[in-house]
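The data block below is input27.csv; it holds CSV, C-alpha atoms.
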```csv
chain,number,residue,atom,x,y,z
A,12,MET,CA,42.7,-14.7,89.3
A,13,GLY,CA,44.2,-15.5,86.0
A,14,MET,CA,41.5,-17.8,85.1
A,15,GLU,CA,38.8,-15.4,86.1
A,16,MET,CA,40.3,-12.8,83.9
A,17,GLU,CA,40.4,-15.1,81.0
A,18,GLU,CA,36.8,-16.0,81.5
A,19,LYS,CA,35.8,-12.3,81.6
A,20,GLN,CA,37.9,-11.6,78.6
A,21,GLY,CA,36.3,-14.6,76.8
A,22,LYS,CA,32.9,-13.3,77.8
A,23,ILE,CA,33.7,-9.8,76.5
A,24,TRP,CA,34.9,-11.3,73.2
A,25,SER,CA,31.8,-13.4,73.0
A,26,ASP,CA,29.5,-10.4,73.7
A,27,GLU,CA,31.4,-8.4,71.1
A,28,GLN,CA,31.2,-11.3,68.7
A,29,LYS,CA,27.5,-11.5,69.3
A,30,ARG,CA,27.0,-7.8,68.7
A,31,SER,CA,29.1,-8.0,65.5
A,32,GLU,CA,27.1,-11.0,64.3
A,33,GLU,CA,23.8,-9.2,65.1
A,34,ALA,CA,25.0,-6.1,63.3
A,35,ASP,CA,26.0,-8.3,60.3
A,36,LEU,CA,22.6,-10.0,60.5
A,37,GLU,CA,20.8,-6.7,60.6
A,38,ASN,CA,22.8,-5.4,57.6
A,39,GLU,CA,22.0,-8.6,55.7
A,40,VAL,CA,18.3,-8.2,56.6
A,41,ASP,CA,18.4,-4.5,55.5
A,42,GLU,CA,20.1,-5.5,52.3
A,43,ILE,CA,17.6,-8.3,51.6
A,44,THR,CA,14.7,-5.9,52.3
A,45,ALA,CA,16.3,-3.4,50.0
A,46,LEU,CA,16.7,-6.0,47.3
A,47,LYS,CA,13.1,-7.2,47.8
A,48,ASN,CA,11.9,-3.6,47.4
A,49,GLU,CA,14.0,-3.2,44.3
A,50,LEU,CA,12.7,-6.5,42.9
A,51,GLU,CA,9.2,-5.4,43.6
A,52,LYS,CA,9.8,-2.0,41.8
A,53,SER,CA,11.3,-3.9,38.9
A,54,LYS,CA,8.3,-6.2,38.7
A,55,GLU,CA,5.9,-3.2,38.7
A,56,GLU,CA,8.0,-1.5,36.0
A,57,ASN,CA,8.2,-4.7,34.0
A,58,GLN,CA,4.4,-5.1,34.2
A,59,LYS,CA,4.0,-1.5,33.0
A,60,HIS,CA,6.3,-2.2,30.1
A,61,TYR,CA,4.4,-5.4,29.3
A,62,ASP,CA,1.1,-3.6,29.4
A,63,LEU,CA,2.5,-0.9,27.1
A,64,TYR,CA,3.8,-3.6,24.8
A,65,LEU,CA,0.4,-5.3,24.6
A,66,ARG,CA,-1.3,-2.0,24.0
A,67,SER,CA,1.1,-1.2,21.2
A,68,LEU,CA,0.6,-4.6,19.7
A,69,ALA,CA,-3.2,-4.1,19.8
A,70,GLU,CA,-2.8,-0.6,18.3
A,71,LEU,CA,-0.6,-2.0,15.5
A,72,GLU,CA,-3.3,-4.7,14.7
A,73,ASN,CA,-6.0,-2.0,14.7
A,74,PHE,CA,-3.8,0.1,12.4
A,75,LYS,CA,-3.3,-2.9,10.0
A,76,LYS,CA,-7.1,-3.6,10.0
A,77,ARG,CA,-7.9,0.1,9.4
A,78,ALA,CA,-5.3,0.3,6.6
A,79,ALA,CA,-6.7,-2.8,4.9
A,80,ARG,CA,-10.3,-1.3,5.2
A,81,ASP,CA,-9.1,2.0,3.8
A,82,LYS,CA,-7.3,0.3,0.9
A,83,GLU,CA,-10.4,-1.8,0.2
A,84,GLU,CA,-12.6,1.3,0.3
A,85,TYR,CA,-10.2,3.2,-1.9
A,86,SER,CA,-10.1,0.3,-4.4
A,87,LYS,CA,-13.9,0.2,-4.5
A,88,PHE,CA,-14.3,3.9,-5.3
A,89,ALA,CA,-11.0,4.8,-7.1
A,90,LEU,CA,-12.8,4.9,-10.4
A,91,LEU,CA,-15.7,7.0,-9.2
A,92,PRO,CA,-14.5,10.3,-10.8
A,93,LEU,CA,-14.0,8.5,-14.2
A,94,ILE,CA,-17.3,6.8,-14.0
A,95,GLN,CA,-19.1,10.1,-13.2
A,96,LYS,CA,-17.5,11.5,-16.3
A,97,LEU,CA,-18.5,8.5,-18.4
A,98,LEU,CA,-22.1,8.7,-17.2
A,99,SER,CA,-22.6,12.0,-19.1
A,100,VAL,CA,-21.3,10.2,-22.2
A,101,ILE,CA,-23.9,7.4,-21.7
A,102,ASP,CA,-26.6,10.1,-21.3
A,103,ASP,CA,-25.4,11.6,-24.6
A,104,LEU,CA,-25.6,8.2,-26.3
A,105,GLU,CA,-29.1,7.6,-25.0
A,106,ARG,CA,-30.2,11.0,-26.2
A,107,ALA,CA,-28.7,10.4,-29.7
A,108,LEU,CA,-30.5,7.0,-29.9
A,109,ALA,CA,-33.8,8.5,-28.8
A,110,GLN,CA,-33.4,11.4,-31.3
A,111,PHE,CA,-32.6,8.8,-34.1
A,112,ASN,CA,-35.6,6.7,-33.2
A,113,ASN,CA,-37.8,9.9,-33.5
A,114,SER,CA,-36.4,11.2,-36.8
A,115,LYS,CA,-34.5,8.4,-38.4
A,116,ASP,CA,-31.9,11.0,-39.4
A,117,LEU,CA,-28.7,8.9,-40.1
A,118,GLU,CA,-26.6,12.0,-40.7
A,119,GLY,CA,-27.6,13.5,-37.4
A,120,LEU,CA,-26.9,10.2,-35.6
A,121,SER,CA,-23.5,10.0,-37.3
A,122,LYS,CA,-22.6,13.6,-36.2
A,123,GLY,CA,-23.9,12.8,-32.7
A,124,VAL,CA,-21.8,9.6,-32.3
A,125,GLU,CA,-18.8,11.5,-33.7
A,126,MET,CA,-19.2,14.2,-31.0
A,127,ILE,CA,-19.6,11.5,-28.3
A,128,THR,CA,-16.5,9.7,-29.5
A,129,ARG,CA,-14.5,12.9,-29.2
A,130,SER,CA,-16.0,13.5,-25.8
A,131,LEU,CA,-14.9,10.0,-24.7
A,132,GLN,CA,-11.4,10.5,-26.2
A,133,GLU,CA,-11.1,13.8,-24.3
A,134,ILE,CA,-12.1,12.1,-21.0
A,135,ILE,CA,-9.6,9.3,-21.3
A,136,LYS,CA,-6.9,11.8,-22.4
A,137,ASN,CA,-7.5,13.8,-19.2
A,138,GLU,CA,-7.0,10.6,-17.3
A,139,GLY,CA,-3.6,10.1,-18.8
A,140,VAL,CA,-4.5,7.7,-21.6
A,141,GLU,CA,-2.9,8.3,-25.0
A,142,PRO,CA,-3.4,6.5,-28.3
A,143,ILE,CA,-0.4,4.7,-29.8
A,144,GLU,CA,0.8,6.1,-33.1
A,145,ALA,CA,1.0,3.1,-35.4
A,146,LEU,CA,0.3,3.8,-39.1
A,147,GLY,CA,3.5,4.4,-41.0
A,148,GLN,CA,5.7,3.7,-37.9
A,149,ALA,CA,8.3,1.1,-37.5
A,150,PHE,CA,7.0,-2.1,-35.9
A,151,ASP,CA,7.7,-2.2,-32.2
A,152,PRO,CA,6.5,-5.4,-30.4
A,153,GLN,CA,6.2,-3.4,-27.2
A,154,TYR,CA,3.4,-1.2,-28.7
A,155,HIS,CA,2.1,-3.2,-31.7
A,156,GLN,CA,0.6,-6.7,-32.1
A,157,PRO,CA,0.8,-7.9,-35.7
A,158,LEU,CA,-2.2,-9.6,-37.1
A,159,ILE,CA,-1.0,-9.9,-40.6
A,160,VAL,CA,2.5,-9.7,-42.2
A,161,GLU,CA,2.3,-8.9,-45.8
A,162,ASP,CA,4.9,-8.5,-48.6
A,163,SER,CA,5.1,-4.9,-49.8
A,164,ASP,CA,7.2,-3.2,-52.4
A,165,GLU,CA,6.0,0.3,-51.5
A,166,HIS,CA,6.9,0.2,-47.8
A,167,PRO,CA,10.2,-0.6,-46.0
A,168,GLU,CA,10.3,-3.9,-44.1
A,169,ASN,CA,8.7,-3.9,-40.6
A,170,THR,CA,6.6,-0.8,-41.3
A,171,ILE,CA,3.0,-0.7,-40.1
A,172,ILE,CA,0.9,-0.4,-43.2
A,173,GLU,CA,-2.6,-0.7,-41.7
A,174,GLU,CA,-4.1,-0.4,-38.2
A,175,PHE,CA,-7.0,-2.6,-37.3
A,176,GLN,CA,-7.4,-1.4,-33.7
A,177,THR,CA,-5.9,1.5,-31.9
A,178,GLY,CA,-3.6,0.8,-29.0
A,179,TYR,CA,-3.4,2.9,-25.8
A,180,VAL,CA,-0.8,3.7,-23.1
A,181,LEU,CA,-1.6,5.0,-19.6
A,182,HIS,CA,1.2,7.0,-18.1
A,183,ASP,CA,3.7,5.3,-20.5
A,184,ARG,CA,2.5,1.8,-19.8
A,185,VAL,CA,0.8,-0.1,-22.6
A,186,ILE,CA,-2.7,-1.0,-21.6
A,187,ARG,CA,-3.6,-2.3,-25.1
A,188,PRO,CA,-1.3,-2.8,-28.0
A,189,SER,CA,-2.3,-1.7,-31.5
A,190,LEU,CA,-3.5,-4.5,-33.8
A,191,VAL,CA,-1.7,-3.9,-37.1
A,192,LYS,CA,-0.6,-5.2,-40.5
A,193,VAL,CA,3.1,-5.1,-41.0
A,194,SER,CA,5.2,-5.1,-44.2
A,195,LYS,CA,7.7,-7.8,-44.9
```
Could I get this file's structure written as structure tokens?
Amino acid sequence: MGMEMEEKQGKIWSDEQKRSEEADLENEVDEITALKNELEKSKEENQKHYDLYLRSLAELENFKKRAARDKEEYSKFALLPLIQKLLSVIDDLERALAQFNNSKDLEGLSKGVEMITRSLQEIIKNEGVEPIEALGQAFDPQYHQPLIVEDSDEHPENTIIEEFQTGYVLHDRVIRPSLVKVSK
């Protein structure tokens, strides 16, 4: 009877062990299934993020292209308002020449060209262009370009005694220096 009991007890242990192993196996399968589901969700989320990344990259490229196009368009037509103002000056010059050809009036032509010159000066002044004051000023290489240096007893050294061509600044930047004669 002792042996029979031991065999029964061994069988009970073995049944319990099997049930425990089966439960462990089921838990592992459940855990693997859960991990697979989680992995699948992560893959889907990763794909969504990748798609968003690609879409954002494409949008950035489109933005760059659009900005380059806009910049090119702006550059092409940035001077349009100034050109429109200058067209009226060209019209005035053409009228003055036509009037001169009809009447040969030099005084009238001179007055007309003088008016047109003032008109042009006003246009560029409104655009921020200012003439550089040179005559009688101290020589400044930033604003003046000397063509001639001449000995002079009546002017201090490095004084501009003659201006050959007017210089201009645009918003405090020299766009053309004055061509001058400087005393030595």
Check: What's the 12 Å shell around His182 of chain A, counting all atoms listed in the file, without same-chain residues fewer than 4 positions away, as a list in words?
Finding: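 After dropping sequence-adjacent residues, the list is Ile135, Lys136, Asn137, Glu138, Gly139, Val140, Glu141, Pro142 and Ile186 of chain A.
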Item checked: Which of A:Thr177, A:Asn169, A:Gln28, A:Ser121 sits closest to Leu104 of chain A [using only C-alpha atoms] ->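 Between A:Thr177, A:Asn169, A:Gln28, A:Ser121, the residue approaching Leu104 of chain A most closely is A:Ser121.
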Next item on the list: Might you pull out every residue within 9 Å of Gly147 of chain A, with only C-alpha atoms counted and same-chain residues fewer than 6 positions away left off, and present them as JSON, numbers by chain?
Entry: {"A": [166, 170, 171, 172, 173]}
Note to self: For a test of reading the model, state the distance in Å between atom CA of Leu120 of chain A and atom CA of Arg106 of chain A, rounded to one decimal.
What the structure shows: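 Interatomic distance, atom CA of Leu120 of chain A to atom CA of Arg106 of chain A: 10.0 Å.
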Next item on the list: Around the point (3.0, -2.8, -37.6), in the coordinates given by the file, pick out the residues reaching within 12 Å, counting all atoms listed in the file, and return them as an NGL selection string.
Entry: :A and (143-161 or 166-178 or 188-195)
Check: Which is closer to Leu97 of chain A than all the others in A:Asn73, A:Thr44, A:Thr128, A:Asn113, using all atoms listed in the file?
Finding: A:Thr128
Checklist line | Minimum-distance residue to Ser99 of chain A, chosen among A:Leu131, A:Asn48, A:Arg80, A:Gly119 (using only C-alpha atoms) | finding: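 Selected residue with least distance to Ser99 of chain A: A:Leu131.
Atom CA of Ala109 of chain A to atom CA of Ile127 of chain A spans 14.5 Å [interatomic distance, one decimal].
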Next item on the list: Quote the spacing between atom CA of Leu93 of chain A and atom CA of Phe111 of chain A in Å to one decimal place.
Entry: 27.2 Å
Check: Which of these, A:Leu50, A:Ile101, A:Glu33, A:Gln132, has the shortest distance to Tyr179 of chain A once you count all atoms listed in the file?
Finding: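 For Tyr179 of chain A, the nearest of the candidates is A:Gln132.
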